[in-house]
Each structure stands twice: as structure tokens, then as C-alpha cells.
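Note sheet for the following structure.
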Amino acid sequence: MSRILNVISHSESETVGLAEKLAAFFKTGDVIVLTGDLGTGKTVFVRGLAKGMGHDEDLINSPSFTIINEYQGEKPLYHFDLYRMCDQHELYEIGWDEYLNRGGLIVVEWGEKAKNYLPSKYYQINFKLLNENEREIDISLESNE
């Protein structure tokens with residue numbers, strides 16, 4: 001693990017702003033795993049990433065029931081939510097391998113459920129609720145090697 005950034009966000013708008021700025025850092029083909037309890041800001045962060053990539057942030061919602069939402073554009077965004085996934089093999093049913101080769105940015109909420117199927121290097125962003133308004137956001141580069 002190689003820590004990149006650790007920051008405290010004091011509001012939803014700060015989380016969106018942080019992610020919007022970080023969107024320029026991530027490259028096409030990168031995989032970002034978001035971890036943290038329910039309500040810690042994972043989907044809010046994805047809205048900010050989408051905004052920074054030129055997508056309409058108001059269209060971003062959690063794909064809890066659909067498992068994946070696709071946002072096409074100059075820089076495609078593939079937003080997975082594996083909260084309801086019971087078995088890692090379900091990833092093949094939704095075409096996980098194909099998404100890895102499509103050339104977009106892949107963001108995976110509850111990505112720890114797909115640990116064995118993540119690429120050799122990926123970004124992990126952990127969200128921790130500190131109080132009603134504050135979240136600790138810890139970003140690192142991880143390796144499966």
C-alpha cells in the first residue's frame with residue numbers, strides 16, 4: 001500500500017469538490033475501490049468524480065439494485081455497487097472482464113467484495129464517518145501482486 005492522500009471532509013460539498021479535483025489525476029483504465037460503511041460518502045464522491053470528468057453530477061446515483069451504471073462521454077465512467085453481491089463469481093455474469101478493457105474509469109463501491117478480481121494495481125479510497133458532517137477520506141495505491 002502506498003498512501004497518496006488523507007483528508008477530512010467537513011461537508012457533502014467538500015467531498016464533491018475534492019473528487020472533482022481528483023478526477024484529473026485518474027486515468028482511463030484506472031480502477032478505484034471505495035470502501036466504508038453505509039452513508040459515509042461513497043456515492044457523493046462518485047458524483048464529484050463524474051462532475052470533474054464532464055458528466056452531469058445530478059444524473060449520478062447509486063447502482064445498488066442495477067449493480068452498474070454507465071455514463072458515456074469523452075471519458076466514460078463505469079460505476080459499480082457490489083453491496084448486494086453475494087458471490088464474487090457474479091462479476092463474470094455482469095461482464096466485469098469486459099469493463100476492465102473498455103477504457104473508462106471504473107469506480108467500485110463495496111469493492112472489497114471483488115478483491116480476487118481486481119487488477120494488479122488499483123486505487124482504494126476508504127471513507128470513515130467521524131461525526132454527522134465529517135468524513136475521513138484516505139486514498140492509497142494498492143497492489144494485488
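The way I read the labels, and the way they are meant: chains A, B, ... in the order of the C-alpha cells, residue 1 as the first residue of every chain, and ligand 1 as the first ligand shown, with later ones counted on from there.
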query = Running DSSP on the backbone, which parts of stretch 47-103 of chain A land in strand (DSSP E or B), as a list in words?
reply =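 Selecting the strand (DSSP E or B) positions of stretch 47-103 of chain A gives Ile68, Asn69, Glu70, Tyr71, Leu77, Tyr78, His79, Phe80 and Asp81 of chain A.
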inquiry  = Which residues are close to stretch 31-36 of chain A, i.e. within 9 Å by only C-alpha atoms, leaving aside same-chain residues fewer than 2 positions away? Reply as an MDAnalysis selection string.
reply    = chainID A and resid 26 28:29 38:42 100 105:112 118:119 121:129
Pull N, CA and C atoms from the residues just selected and write them as a PDB file, in the first residue's frame.
ATOM      1  N   PHE A  26      -6.873  10.752 -12.071  1.00  0.00           N
ATOM      2  CA  PHE A  26      -7.122   9.377 -12.507  1.00  0.00           C
ATOM      3  C   PHE A  26      -7.116   9.288 -14.024  1.00  0.00           C
ATOM      4  N   THR A  28      -7.827   6.982 -17.717  1.00  0.00           N
ATOM      5  CA  THR A  28      -8.688   5.983 -18.339  1.00  0.00           C
ATOM      6  C   THR A  28      -8.091   4.604 -18.083  1.00  0.00           C
ATOM      7  N   GLY A  29      -8.928   3.675 -17.672  1.00  0.00           N
ATOM      8  CA  GLY A  29      -8.478   2.323 -17.363  1.00  0.00           C
ATOM      9  C   GLY A  29      -8.194   2.093 -15.891  1.00  0.00           C
ATOM     10  N   LEU A  38     -22.232   2.255   5.167  1.00  0.00           N
ATOM     11  CA  LEU A  38     -23.329   2.965   4.508  1.00  0.00           C
ATOM     12  C   LEU A  38     -23.367   4.411   4.996  1.00  0.00           C
ATOM     13  N   GLY A  39     -23.597   5.332   4.077  1.00  0.00           N
ATOM     14  CA  GLY A  39     -23.757   6.726   4.454  1.00  0.00           C
ATOM     15  C   GLY A  39     -22.479   7.486   4.730  1.00  0.00           C
ATOM     16  N   THR A  40     -21.331   6.952   4.305  1.00  0.00           N
ATOM     17  CA  THR A  40     -20.074   7.652   4.583  1.00  0.00           C
ATOM     18  C   THR A  40     -19.611   8.546   3.435  1.00  0.00           C
ATOM     19  N   GLY A  41     -20.327   8.542   2.309  1.00  0.00           N
ATOM     20  CA  GLY A  41     -19.998   9.476   1.237  1.00  0.00           C
ATOM     21  C   GLY A  41     -19.462   8.876  -0.041  1.00  0.00           C
ATOM     22  N   LYS A  42     -19.574   7.573  -0.204  1.00  0.00           N
ATOM     23  CA  LYS A  42     -19.036   6.923  -1.407  1.00  0.00           C
ATOM     24  C   LYS A  42     -19.724   7.420  -2.679  1.00  0.00           C
ATOM     25  N   LEU A 100     -13.163  -3.996 -17.665  1.00  0.00           N
ATOM     26  CA  LEU A 100     -11.756  -3.705 -17.404  1.00  0.00           C
ATOM     27  C   LEU A 100     -11.015  -3.312 -18.678  1.00  0.00           C
ATOM     28  N   LEU A 105     -13.074   4.910 -16.738  1.00  0.00           N
ATOM     29  CA  LEU A 105     -12.715   4.891 -15.331  1.00  0.00           C
ATOM     30  C   LEU A 105     -13.722   3.994 -14.623  1.00  0.00           C
ATOM     31  N   ILE A 106     -13.223   3.035 -13.856  1.00  0.00           N
ATOM     32  CA  ILE A 106     -14.089   2.100 -13.140  1.00  0.00           C
ATOM     33  C   ILE A 106     -14.054   2.449 -11.657  1.00  0.00           C
ATOM     34  N   VAL A 107     -15.225   2.716 -11.097  1.00  0.00           N
ATOM     35  CA  VAL A 107     -15.348   3.023  -9.675  1.00  0.00           C
ATOM     36  C   VAL A 107     -16.260   1.972  -9.060  1.00  0.00           C
ATOM     37  N   VAL A 108     -15.774   1.336  -7.977  1.00  0.00           N
ATOM     38  CA  VAL A 108     -16.487   0.202  -7.398  1.00  0.00           C
ATOM     39  C   VAL A 108     -16.769   0.451  -5.921  1.00  0.00           C
ATOM     40  N   GLU A 109     -18.043   0.710  -5.601  1.00  0.00           N
ATOM     41  CA  GLU A 109     -18.437   0.779  -4.192  1.00  0.00           C
ATOM     42  C   GLU A 109     -18.500  -0.646  -3.660  1.00  0.00           C
ATOM     43  N   TRP A 110     -18.058  -0.826  -2.426  1.00  0.00           N
ATOM     44  CA  TRP A 110     -18.010  -2.140  -1.798  1.00  0.00           C
ATOM     45  C   TRP A 110     -17.086  -3.073  -2.593  1.00  0.00           C
ATOM     46  N   GLY A 111     -16.030  -2.500  -3.145  1.00  0.00           N
ATOM     47  CA  GLY A 111     -15.098  -3.248  -3.989  1.00  0.00           C
ATOM     48  C   GLY A 111     -14.318  -4.323  -3.267  1.00  0.00           C
ATOM     49  N   GLU A 112     -14.294  -4.271  -1.944  1.00  0.00           N
ATOM     50  CA  GLU A 112     -13.609  -5.330  -1.201  1.00  0.00           C
ATOM     51  C   GLU A 112     -14.243  -6.692  -1.471  1.00  0.00           C
ATOM     52  N   LEU A 118      -9.754  -7.905  -8.825  1.00  0.00           N
ATOM     53  CA  LEU A 118      -9.249  -6.564  -9.109  1.00  0.00           C
ATOM     54  C   LEU A 118      -7.936  -6.669  -9.882  1.00  0.00           C
ATOM     55  N   PRO A 119      -7.590  -5.638 -10.646  1.00  0.00           N
ATOM     56  CA  PRO A 119      -6.316  -5.672 -11.374  1.00  0.00           C
ATOM     57  C   PRO A 119      -5.130  -5.655 -10.409  1.00  0.00           C
ATOM     58  N   LYS A 121      -2.870  -3.506  -9.902  1.00  0.00           N
ATOM     59  CA  LYS A 121      -2.756  -2.222  -9.206  1.00  0.00           C
ATOM     60  C   LYS A 121      -4.084  -1.480  -9.326  1.00  0.00           C
ATOM     61  N   TYR A 122      -4.516  -0.917  -8.224  1.00  0.00           N
ATOM     62  CA  TYR A 122      -5.772  -0.164  -8.195  1.00  0.00           C
ATOM     63  C   TYR A 122      -5.713   0.843  -7.054  1.00  0.00           C
ATOM     64  N   TYR A 123      -6.584   1.826  -7.127  1.00  0.00           N
ATOM     65  CA  TYR A 123      -6.687   2.825  -6.065  1.00  0.00           C
ATOM     66  C   TYR A 123      -7.772   2.396  -5.086  1.00  0.00           C
ATOM     67  N   GLN A 124      -7.500   2.611  -3.811  1.00  0.00           N
ATOM     68  CA  GLN A 124      -8.515   2.339  -2.795  1.00  0.00           C
ATOM     69  C   GLN A 124      -8.771   3.625  -2.026  1.00  0.00           C
ATOM     70  N   ILE A 125     -10.045   3.938  -1.870  1.00  0.00           N
ATOM     71  CA  ILE A 125     -10.435   5.120  -1.109  1.00  0.00           C
ATOM     72  C   ILE A 125     -11.345   4.657   0.017  1.00  0.00           C
ATOM     73  N   ASN A 126     -10.874   4.844   1.244  1.00  0.00           N
ATOM     74  CA  ASN A 126     -11.634   4.448   2.426  1.00  0.00           C
ATOM     75  C   ASN A 126     -12.330   5.675   3.010  1.00  0.00           C
ATOM     76  N   PHE A 127     -13.597   5.496   3.338  1.00  0.00           N
ATOM     77  CA  PHE A 127     -14.409   6.559   3.925  1.00  0.00           C
ATOM     78  C   PHE A 127     -14.759   6.161   5.352  1.00  0.00           C
ATOM     79  N   LYS A 128     -14.493   7.072   6.277  1.00  0.00           N
ATOM     80  CA  LYS A 128     -14.800   6.810   7.685  1.00  0.00           C
ATOM     81  C   LYS A 128     -15.587   7.991   8.240  1.00  0.00           C
ATOM     82  N   LEU A 129     -16.742   7.696   8.805  1.00  0.00           N
ATOM     83  CA  LEU A 129     -17.592   8.722   9.411  1.00  0.00           C
ATOM     84  C   LEU A 129     -16.982   9.133  10.752  1.00  0.00           C
TER      85      LEU A 129
END
inquiry  = Need the shell around stretch 55-68 of chain A: protein/DNA/RNA residues with any atom at most 10 Å away, counting only C-alpha atoms. Skip same-chain ones fewer than 2 positions apart. Format as a VMD selection string?
reply    = chain A and resid 16 20 42 to 44 46 to 53 70 to 85 91 94 107 to 109
Keeping only N, CA and C atoms, take the residues you just selected and write them out as an mmCIF file, in the first residue's frame.
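Result file follows (again.cif):
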data_model
loop_
_atom_site.group_PDB
_atom_site.id
_atom_site.type_symbol
_atom_site.label_atom_id
_atom_site.label_comp_id
_atom_site.auth_asym_id
_atom_site.auth_seq_id
_atom_site.Cartn_x
_atom_site.Cartn_y
_atom_site.Cartn_z
ATOM 1 N N VAL A 16 -17.622 16.449 -2.743
ATOM 2 C CA VAL A 16 -17.815 16.590 -4.192
ATOM 3 C C VAL A 16 -16.653 17.379 -4.790
ATOM 4 N N GLU A 20 -14.011 16.097 -7.532
ATOM 5 C CA GLU A 20 -13.974 16.815 -8.814
ATOM 6 C C GLU A 20 -12.531 17.163 -9.186
ATOM 7 N N LYS A 42 -19.574 7.573 -0.204
ATOM 8 C CA LYS A 42 -19.036 6.923 -1.407
ATOM 9 C C LYS A 42 -19.724 7.420 -2.679
ATOM 10 N N THR A 43 -21.042 7.404 -2.704
ATOM 11 C CA THR A 43 -21.766 7.845 -3.901
ATOM 12 C C THR A 43 -21.607 9.350 -4.109
ATOM 13 N N VAL A 44 -21.537 10.108 -3.044
ATOM 14 C CA VAL A 44 -21.288 11.555 -3.146
ATOM 15 C C VAL A 44 -19.941 11.786 -3.831
ATOM 16 N N VAL A 46 -18.460 9.780 -5.936
ATOM 17 C CA VAL A 46 -18.607 9.432 -7.356
ATOM 18 C C VAL A 46 -19.258 10.590 -8.120
ATOM 19 N N ARG A 47 -20.214 11.263 -7.495
ATOM 20 C CA ARG A 47 -20.826 12.433 -8.147
ATOM 21 C C ARG A 47 -19.774 13.496 -8.466
ATOM 22 N N GLY A 48 -18.859 13.716 -7.532
ATOM 23 C CA GLY A 48 -17.787 14.679 -7.762
ATOM 24 C C GLY A 48 -16.830 14.241 -8.859
ATOM 25 N N LEU A 49 -16.479 12.956 -8.863
ATOM 26 C CA LEU A 49 -15.632 12.433 -9.944
ATOM 27 C C LEU A 49 -16.301 12.655 -11.290
ATOM 28 N N ALA A 50 -17.581 12.309 -11.348
ATOM 29 C CA ALA A 50 -18.334 12.453 -12.602
ATOM 30 C C ALA A 50 -18.331 13.910 -13.058
ATOM 31 N N LYS A 51 -18.558 14.812 -12.130
ATOM 32 C CA LYS A 51 -18.560 16.242 -12.460
ATOM 33 C C LYS A 51 -17.201 16.656 -13.023
ATOM 34 N N GLY A 52 -16.129 16.191 -12.386
ATOM 35 C CA GLY A 52 -14.784 16.510 -12.845
ATOM 36 C C GLY A 52 -14.444 15.907 -14.196
ATOM 37 N N MET A 53 -15.176 14.871 -14.587
ATOM 38 C CA MET A 53 -14.964 14.217 -15.883
ATOM 39 C C MET A 53 -15.878 14.787 -16.960
ATOM 40 N N GLU A 70 -23.639 3.086 -16.225
ATOM 41 C CA GLU A 70 -22.659 3.530 -17.208
ATOM 42 C C GLU A 70 -22.948 4.975 -17.591
ATOM 43 N N TYR A 71 -21.903 5.783 -17.612
ATOM 44 C CA TYR A 71 -22.011 7.173 -18.028
ATOM 45 C C TYR A 71 -21.034 7.371 -19.181
ATOM 46 N N GLN A 72 -21.577 7.496 -20.378
ATOM 47 C CA GLN A 72 -20.754 7.626 -21.579
ATOM 48 C C GLN A 72 -20.379 9.080 -21.798
ATOM 49 N N GLY A 73 -19.349 9.282 -22.558
ATOM 50 C CA GLY A 73 -18.878 10.621 -22.874
ATOM 51 C C GLY A 73 -17.438 10.536 -23.313
ATOM 52 N N GLU A 74 -16.784 11.679 -23.340
ATOM 53 C CA GLU A 74 -15.374 11.697 -23.728
ATOM 54 C C GLU A 74 -14.560 10.782 -22.823
ATOM 55 N N LYS A 75 -14.871 10.795 -21.528
ATOM 56 C CA LYS A 75 -14.228 9.912 -20.555
ATOM 57 C C LYS A 75 -15.330 9.078 -19.898
ATOM 58 N N PRO A 76 -15.546 7.848 -20.371
ATOM 59 C CA PRO A 76 -16.605 7.015 -19.790
ATOM 60 C C PRO A 76 -16.345 6.707 -18.312
ATOM 61 N N LEU A 77 -17.428 6.587 -17.567
ATOM 62 C CA LEU A 77 -17.377 6.244 -16.153
ATOM 63 C C LEU A 77 -18.275 5.038 -15.941
ATOM 64 N N TYR A 78 -17.706 3.993 -15.336
ATOM 65 C CA TYR A 78 -18.461 2.778 -15.017
ATOM 66 C C TYR A 78 -18.523 2.678 -13.493
ATOM 67 N N HIS A 79 -19.721 2.839 -12.956
ATOM 68 C CA HIS A 79 -19.941 2.922 -11.513
ATOM 69 C C HIS A 79 -20.618 1.640 -11.034
ATOM 70 N N PHE A 80 -19.865 0.831 -10.320
ATOM 71 C CA PHE A 80 -20.369 -0.427 -9.769
ATOM 72 C C PHE A 80 -20.725 -0.244 -8.301
ATOM 73 N N ASP A 81 -21.736 -0.972 -7.849
ATOM 74 C CA ASP A 81 -22.056 -1.060 -6.428
ATOM 75 C C ASP A 81 -22.275 -2.536 -6.123
ATOM 76 N N LEU A 82 -21.351 -3.123 -5.371
ATOM 77 C CA LEU A 82 -21.390 -4.563 -5.109
ATOM 78 C C LEU A 82 -22.007 -4.897 -3.756
ATOM 79 N N TYR A 83 -22.707 -3.948 -3.157
ATOM 80 C CA TYR A 83 -23.292 -4.152 -1.828
ATOM 81 C C TYR A 83 -24.155 -5.410 -1.770
ATOM 82 N N ARG A 84 -24.943 -5.639 -2.802
ATOM 83 C CA ARG A 84 -25.875 -6.775 -2.802
ATOM 84 C C ARG A 84 -25.256 -8.049 -3.372
ATOM 85 N N MET A 85 -24.023 -7.987 -3.833
ATOM 86 C CA MET A 85 -23.391 -9.157 -4.430
ATOM 87 C C MET A 85 -23.058 -10.184 -3.348
ATOM 88 N N LEU A 91 -19.515 -11.391 -10.711
ATOM 89 C CA LEU A 91 -18.842 -10.385 -11.528
ATOM 90 C C LEU A 91 -18.771 -10.812 -12.990
ATOM 91 N N ILE A 94 -21.940 -10.135 -15.025
ATOM 92 C CA ILE A 94 -22.189 -8.753 -15.450
ATOM 93 C C ILE A 94 -21.107 -8.248 -16.410
ATOM 94 N N VAL A 107 -15.225 2.716 -11.097
ATOM 95 C CA VAL A 107 -15.348 3.023 -9.675
ATOM 96 C C VAL A 107 -16.260 1.972 -9.060
ATOM 97 N N VAL A 108 -15.774 1.336 -7.977
ATOM 98 C CA VAL A 108 -16.487 0.202 -7.398
ATOM 99 C C VAL A 108 -16.769 0.451 -5.921
ATOM 100 N N GLU A 109 -18.043 0.710 -5.601
ATOM 101 C CA GLU A 109 -18.437 0.779 -4.192
ATOM 102 C C GLU A 109 -18.500 -0.646 -3.660
#
request  = Choose the residue, out of A:Tyr92, A:Asp30, A:Asp97, A:Ser11, that has the smallest atom-to-atom separation from A:Glu142; count only C-alpha atoms.
outcome  =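 Closest to A:Glu142 of all the choices is A:Asp30.
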inquiry  = Using only C-alpha atoms for the distances, tell me which of A:Asn116, A:Asn133, A:Ser13, A:Ser140 is nearest to A:Gln88.
reply    =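 Under the stated criterion, the closest residue is A:Asn116.
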query = So which residues touch A:Val7 within 10 Å, counting only C-alpha atoms, skipping near sequence neighbours fewer than 2 positions away, as JSON, numbers by chain?
reply = {"A": [5, 9, 10, 15, 18, 135, 136, 137, 138, 139]}
Can you pull out every residue from stretch 4-141 of chain A that DSSP, working from the backbone, puts in helix (DSSP H, G or I), and format the result as an mmCIF file with N, CA and C atoms, in the first residue's frame?
data_model
loop_
_atom_site.group_PDB
_atom_site.id
_atom_site.type_symbol
_atom_site.label_atom_id
_atom_site.label_comp_id
_atom_site.auth_asym_id
_atom_site.auth_seq_id
_atom_site.Cartn_x
_atom_site.Cartn_y
_atom_site.Cartn_z
ATOM 1 N N GLU A 12 -20.774 17.576 2.484
ATOM 2 C CA GLU A 12 -21.004 16.892 1.215
ATOM 3 C C GLU A 12 -20.387 17.685 0.066
ATOM 4 N N SER A 13 -20.526 18.999 0.102
ATOM 5 C CA SER A 13 -19.976 19.820 -0.987
ATOM 6 C C SER A 13 -18.447 19.758 -1.016
ATOM 7 N N GLU A 14 -17.805 19.639 0.141
ATOM 8 C CA GLU A 14 -16.348 19.476 0.171
ATOM 9 C C GLU A 14 -15.944 18.142 -0.442
ATOM 10 N N THR A 15 -16.716 17.092 -0.165
ATOM 11 C CA THR A 15 -16.424 15.776 -0.735
ATOM 12 C C THR A 15 -16.561 15.815 -2.251
ATOM 13 N N VAL A 16 -17.622 16.449 -2.743
ATOM 14 C CA VAL A 16 -17.815 16.590 -4.192
ATOM 15 C C VAL A 16 -16.653 17.379 -4.790
ATOM 16 N N GLY A 17 -16.268 18.470 -4.151
ATOM 17 C CA GLY A 17 -15.177 19.305 -4.647
ATOM 18 C C GLY A 17 -13.845 18.573 -4.694
ATOM 19 N N LEU A 18 -13.556 17.797 -3.657
ATOM 20 C CA LEU A 18 -12.329 17.003 -3.629
ATOM 21 C C LEU A 18 -12.304 16.020 -4.789
ATOM 22 N N ALA A 19 -13.386 15.283 -4.951
ATOM 23 C CA ALA A 19 -13.457 14.285 -6.022
ATOM 24 C C ALA A 19 -13.380 14.941 -7.394
ATOM 25 N N GLU A 20 -14.011 16.097 -7.532
ATOM 26 C CA GLU A 20 -13.974 16.815 -8.814
ATOM 27 C C GLU A 20 -12.531 17.163 -9.186
ATOM 28 N N LYS A 21 -11.751 17.612 -8.217
ATOM 29 C CA LYS A 21 -10.345 17.934 -8.469
ATOM 30 C C LYS A 21 -9.532 16.676 -8.760
ATOM 31 N N LEU A 22 -9.808 15.602 -8.036
ATOM 32 C CA LEU A 22 -9.058 14.358 -8.228
ATOM 33 C C LEU A 22 -9.350 13.689 -9.566
ATOM 34 N N LYS A 42 -19.574 7.573 -0.204
ATOM 35 C CA LYS A 42 -19.036 6.923 -1.407
ATOM 36 C C LYS A 42 -19.724 7.420 -2.679
ATOM 37 N N THR A 43 -21.042 7.404 -2.704
ATOM 38 C CA THR A 43 -21.766 7.845 -3.901
ATOM 39 C C THR A 43 -21.607 9.350 -4.109
ATOM 40 N N VAL A 44 -21.537 10.108 -3.044
ATOM 41 C CA VAL A 44 -21.288 11.555 -3.146
ATOM 42 C C VAL A 44 -19.941 11.786 -3.831
ATOM 43 N N PHE A 45 -18.946 11.001 -3.457
ATOM 44 C CA PHE A 45 -17.626 11.106 -4.069
ATOM 45 C C PHE A 45 -17.695 10.801 -5.567
ATOM 46 N N VAL A 46 -18.460 9.780 -5.936
ATOM 47 C CA VAL A 46 -18.607 9.432 -7.356
ATOM 48 C C VAL A 46 -19.258 10.590 -8.120
ATOM 49 N N ARG A 47 -20.214 11.263 -7.495
ATOM 50 C CA ARG A 47 -20.826 12.433 -8.147
ATOM 51 C C ARG A 47 -19.774 13.496 -8.466
ATOM 52 N N GLY A 48 -18.859 13.716 -7.532
ATOM 53 C CA GLY A 48 -17.787 14.679 -7.762
ATOM 54 C C GLY A 48 -16.830 14.241 -8.859
ATOM 55 N N LEU A 49 -16.479 12.956 -8.863
ATOM 56 C CA LEU A 49 -15.632 12.433 -9.944
ATOM 57 C C LEU A 49 -16.301 12.655 -11.290
ATOM 58 N N ALA A 50 -17.581 12.309 -11.348
ATOM 59 C CA ALA A 50 -18.334 12.453 -12.602
ATOM 60 C C ALA A 50 -18.331 13.910 -13.058
ATOM 61 N N LYS A 51 -18.558 14.812 -12.130
ATOM 62 C CA LYS A 51 -18.560 16.242 -12.460
ATOM 63 C C LYS A 51 -17.201 16.656 -13.023
ATOM 64 N N GLY A 52 -16.129 16.191 -12.386
ATOM 65 C CA GLY A 52 -14.784 16.510 -12.845
ATOM 66 C C GLY A 52 -14.444 15.907 -14.196
ATOM 67 N N GLU A 57 -23.437 15.686 -12.784
ATOM 68 C CA GLU A 57 -23.426 15.062 -11.462
ATOM 69 C C GLU A 57 -24.829 14.743 -10.947
ATOM 70 N N ASP A 58 -25.830 15.466 -11.425
ATOM 71 C CA ASP A 58 -27.201 15.230 -10.972
ATOM 72 C C ASP A 58 -27.757 13.900 -11.471
ATOM 73 N N LEU A 59 -27.130 13.318 -12.484
ATOM 74 C CA LEU A 59 -27.586 12.026 -13.011
ATOM 75 C C LEU A 59 -26.973 10.843 -12.266
ATOM 76 N N GLU A 90 -20.343 -13.641 -9.444
ATOM 77 C CA GLU A 90 -21.379 -12.832 -10.094
ATOM 78 C C GLU A 90 -20.766 -11.743 -10.974
ATOM 79 N N LEU A 91 -19.515 -11.391 -10.711
ATOM 80 C CA LEU A 91 -18.842 -10.385 -11.528
ATOM 81 C C LEU A 91 -18.771 -10.812 -12.990
ATOM 82 N N TYR A 92 -18.565 -12.093 -13.223
ATOM 83 C CA TYR A 92 -18.496 -12.579 -14.603
ATOM 84 C C TYR A 92 -19.836 -12.463 -15.304
ATOM 85 N N GLU A 93 -20.912 -12.632 -14.547
ATOM 86 C CA GLU A 93 -22.250 -12.540 -15.134
ATOM 87 C C GLU A 93 -22.559 -11.125 -15.630
ATOM 88 N N TRP A 96 -17.602 -8.214 -15.964
ATOM 89 C CA TRP A 96 -16.514 -7.492 -15.301
ATOM 90 C C TRP A 96 -15.266 -7.393 -16.181
ATOM 91 N N ASP A 97 -14.835 -8.517 -16.744
ATOM 92 C CA ASP A 97 -13.620 -8.521 -17.573
ATOM 93 C C ASP A 97 -13.743 -7.574 -18.758
ATOM 94 N N GLU A 98 -14.925 -7.508 -19.334
ATOM 95 C CA GLU A 98 -15.137 -6.605 -20.473
ATOM 96 C C GLU A 98 -14.995 -5.144 -20.046
ATOM 97 N N TYR A 99 -15.526 -4.814 -18.879
ATOM 98 C CA TYR A 99 -15.417 -3.435 -18.393
ATOM 99 C C TYR A 99 -13.963 -3.049 -18.136
ATOM 100 N N LEU A 100 -13.163 -3.996 -17.665
ATOM 101 C CA LEU A 100 -11.756 -3.705 -17.404
ATOM 102 C C LEU A 100 -11.015 -3.312 -18.678
ATOM 103 N N GLY A 111 -16.030 -2.500 -3.145
ATOM 104 C CA GLY A 111 -15.098 -3.248 -3.989
ATOM 105 C C GLY A 111 -14.318 -4.323 -3.267
ATOM 106 N N GLU A 112 -14.294 -4.271 -1.944
ATOM 107 C CA GLU A 112 -13.609 -5.330 -1.201
ATOM 108 C C GLU A 112 -14.243 -6.692 -1.471
ATOM 109 N N LYS A 113 -15.487 -6.692 -1.942
ATOM 110 C CA LYS A 113 -16.167 -7.947 -2.279
ATOM 111 C C LYS A 113 -15.620 -8.557 -3.568
ATOM 112 N N ALA A 114 -14.808 -7.803 -4.304
ATOM 113 C CA ALA A 114 -14.253 -8.278 -5.578
ATOM 114 C C ALA A 114 -12.728 -8.384 -5.514
ATOM 115 N N LYS A 115 -12.189 -8.452 -4.322
ATOM 116 C CA LYS A 115 -10.732 -8.400 -4.125
ATOM 117 C C LYS A 115 -9.967 -9.316 -5.068
ATOM 118 N N ASN A 116 -10.430 -10.542 -5.249
ATOM 119 C CA ASN A 116 -9.705 -11.512 -6.078
ATOM 120 C C ASN A 116 -9.789 -11.209 -7.567
ATOM 121 N N TYR A 117 -10.637 -10.282 -7.964
ATOM 122 C CA TYR A 117 -10.838 -9.984 -9.383
ATOM 123 C C TYR A 117 -10.386 -8.577 -9.759
#
Pairwise distance for atom CA of A:Cys86 and atom CA of A:Leu141, rounded to one decimal in Å =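 Between these atoms lies a distance of 25.9 Å.
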task = Report the distance between atom CA of A:Asn144 and atom CA of A:Ser120 in Å, rounded to one decimal place.
result =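 Interatomic distance, atom CA of A:Asn144 to atom CA of A:Ser120: 4.6 Å.
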